[in-house]
Amino acid sequence: MVTLTAGSGLFVLLALFLTVATVWLLLRAIETRPNEIDLRLFLVSIVVIIPFVMVIYFGLATIICNEIVAGRPILPLELSLRKLVAATVTYIGLSAWVWLRWRKVGYLR
């Protein structure tokens, strides 16, 4: 059992910030071509892009936190309920944010 230090929460917050910033930048890049935005691109964003970005940033944060606490990377990584709930809430929040943003602008009809 690995006990987390106070600094590990900062890595999770950093991962959350980087996830939101990366998704925001990708949305801005996608919105520069409004004629190509449709339901298919929305579903690709929700099913592929957001989870991929989350896996990269939260996975790196988990590996770094484990290395700080244990002094070495612990692989395979253990999945706790707390991490699963945080990831689920982040995913649902980002998906809802993308949906509301694109619906407000009128891309999704």
# chains A, B, ... in the order shown; residues from 1 in each chain; ligands from 1
$ select_by_dssp --residues "chain A" --states "alpha helix (DSSP H)" --output "JSON, numbers by chain"
{"A": [6, 7, 8, 9, 10, 11, 12, 13, 14, 15, 16, 17, 18, 19, 20, 21, 22, 23, 24, 25, 26, 27, 28, 29, 30, 39, 40, 41, 42, 43, 44, 50, 51, 52, 53, 54, 55, 56, 57, 58, 59, 60, 61, 62, 63, 64, 65, 66, 67, 68, 69, 70, 81, 82, 83, 84, 85, 86, 87, 88, 89, 90, 91, 92, 93, 94, 95, 96, 97, 98, 99, 100, 101, 102, 103, 104, 105]}
$ residues_around --residues "range 18-24 of chain A" --least-positions-apart "5" --cutoff "7 Å" --atoms "only C-alpha atoms" --output "ChimeraX atom specification"
/A:50,53-54,57
$ residues_around --residues "Ile37 in chain A" --least-positions-apart "4" --cutoff "12 Å" --atoms "only C-alpha atoms" --output "VMD selection string"
chain A and resid 27 to 33 41 to 45 102 to 103 105 to 109
$ write_last_selection --atoms "N, CA and C atoms" --output "PDB file, in the first residue's frame"
ATOM      1  N   LEU A  27     -10.047  22.180 -29.152  1.00  0.00           N
ATOM      2  CA  LEU A  27     -11.343  22.707 -29.575  1.00  0.00           C
ATOM      3  C   LEU A  27     -11.189  23.993 -30.372  1.00  0.00           C
ATOM      4  N   ARG A  28     -10.300  24.859 -29.911  1.00  0.00           N
ATOM      5  CA  ARG A  28     -10.059  26.106 -30.648  1.00  0.00           C
ATOM      6  C   ARG A  28      -9.518  25.820 -32.046  1.00  0.00           C
ATOM      7  N   ALA A  29      -8.636  24.835 -32.152  1.00  0.00           N
ATOM      8  CA  ALA A  29      -8.090  24.472 -33.459  1.00  0.00           C
ATOM      9  C   ALA A  29      -9.175  23.874 -34.351  1.00  0.00           C
ATOM     10  N   ILE A  30     -10.037  23.049 -33.788  1.00  0.00           N
ATOM     11  CA  ILE A  30     -11.122  22.445 -34.567  1.00  0.00           C
ATOM     12  C   ILE A  30     -12.116  23.506 -35.013  1.00  0.00           C
ATOM     13  N   GLU A  31     -12.376  24.484 -34.154  1.00  0.00           N
ATOM     14  CA  GLU A  31     -13.368  25.514 -34.469  1.00  0.00           C
ATOM     15  C   GLU A  31     -12.905  26.490 -35.541  1.00  0.00           C
ATOM     16  N   THR A  32     -11.643  26.437 -35.934  1.00  0.00           N
ATOM     17  CA  THR A  32     -11.187  27.305 -37.026  1.00  0.00           C
ATOM     18  C   THR A  32     -11.718  26.824 -38.375  1.00  0.00           C
ATOM     19  N   ARG A  33     -12.225  25.604 -38.425  1.00  0.00           N
ATOM     20  CA  ARG A  33     -12.810  25.049 -39.648  1.00  0.00           C
ATOM     21  C   ARG A  33     -14.264  24.664 -39.375  1.00  0.00           C
ATOM     22  N   LEU A  41     -17.446  14.289 -35.724  1.00  0.00           N
ATOM     23  CA  LEU A  41     -16.280  14.885 -35.070  1.00  0.00           C
ATOM     24  C   LEU A  41     -16.521  15.064 -33.573  1.00  0.00           C
ATOM     25  N   PHE A  42     -17.762  15.410 -33.211  1.00  0.00           N
ATOM     26  CA  PHE A  42     -18.108  15.524 -31.798  1.00  0.00           C
ATOM     27  C   PHE A  42     -17.926  14.185 -31.084  1.00  0.00           C
ATOM     28  N   LEU A  43     -18.414  13.104 -31.696  1.00  0.00           N
ATOM     29  CA  LEU A  43     -18.282  11.785 -31.080  1.00  0.00           C
ATOM     30  C   LEU A  43     -16.830  11.333 -31.010  1.00  0.00           C
ATOM     31  N   VAL A  44     -16.044  11.652 -32.020  1.00  0.00           N
ATOM     32  CA  VAL A  44     -14.612  11.332 -31.977  1.00  0.00           C
ATOM     33  C   VAL A  44     -13.946  12.096 -30.840  1.00  0.00           C
ATOM     34  N   SER A  45     -14.331  13.338 -30.643  1.00  0.00           N
ATOM     35  CA  SER A  45     -13.774  14.127 -29.537  1.00  0.00           C
ATOM     36  C   SER A  45     -14.090  13.490 -28.198  1.00  0.00           C
ATOM     37  N   TRP A 102     -20.214  23.475 -28.129  1.00  0.00           N
ATOM     38  CA  TRP A 102     -20.554  23.305 -29.539  1.00  0.00           C
ATOM     39  C   TRP A 102     -22.041  23.508 -29.791  1.00  0.00           C
ATOM     40  N   ARG A 103     -22.868  23.180 -28.818  1.00  0.00           N
ATOM     41  CA  ARG A 103     -24.298  23.414 -28.992  1.00  0.00           C
ATOM     42  C   ARG A 103     -24.607  24.911 -28.959  1.00  0.00           C
ATOM     43  N   VAL A 105     -22.640  27.374 -29.849  1.00  0.00           N
ATOM     44  CA  VAL A 105     -22.174  28.011 -31.073  1.00  0.00           C
ATOM     45  C   VAL A 105     -23.022  27.595 -32.268  1.00  0.00           C
ATOM     46  N   GLY A 106     -23.687  26.445 -32.184  1.00  0.00           N
ATOM     47  CA  GLY A 106     -24.572  26.010 -33.244  1.00  0.00           C
ATOM     48  C   GLY A 106     -23.993  24.937 -34.136  1.00  0.00           C
ATOM     49  N   TYR A 107     -22.888  24.321 -33.712  1.00  0.00           N
ATOM     50  CA  TYR A 107     -22.297  23.257 -34.525  1.00  0.00           C
ATOM     51  C   TYR A 107     -23.130  21.997 -34.470  1.00  0.00           C
ATOM     52  N   LEU A 108     -23.749  21.731 -33.328  1.00  0.00           N
ATOM     53  CA  LEU A 108     -24.583  20.537 -33.172  1.00  0.00           C
ATOM     54  C   LEU A 108     -26.044  20.952 -33.227  1.00  0.00           C
ATOM     55  N   ARG A 109     -26.734  20.457 -34.191  1.00  0.00           N
ATOM     56  CA  ARG A 109     -28.153  20.807 -34.337  1.00  0.00           C
ATOM     57  C   ARG A 109     -28.996  19.569 -34.259  1.00  0.00           C
TER      58      ARG A 109
END
$ closest_residue --among "A:Leu39, A:Ile68, A:Leu25, A:Gly9" --to "Lys83 in chain A" --atoms "only C-alpha atoms"
A:Gly9
$ residues_around --residues "Ser95 in chain A" --least-positions-apart "2" --cutoff "10 Å" --atoms "only C-alpha atoms" --output "list of chain:residue names"
A:Phe42, A:Leu43, A:Ser45, A:Ile46, A:Val47, A:Ile50, A:Pro51, A:Val89, A:Thr90, A:Tyr91, A:Ile92, A:Gly93, A:Trp97, A:Val98, A:Trp99, A:Leu100, A:Arg101
$ atom_distance --atom1 "CA of Phe52 in chain A" --atom2 "CA of Leu26 in chain A"
12.5 Å
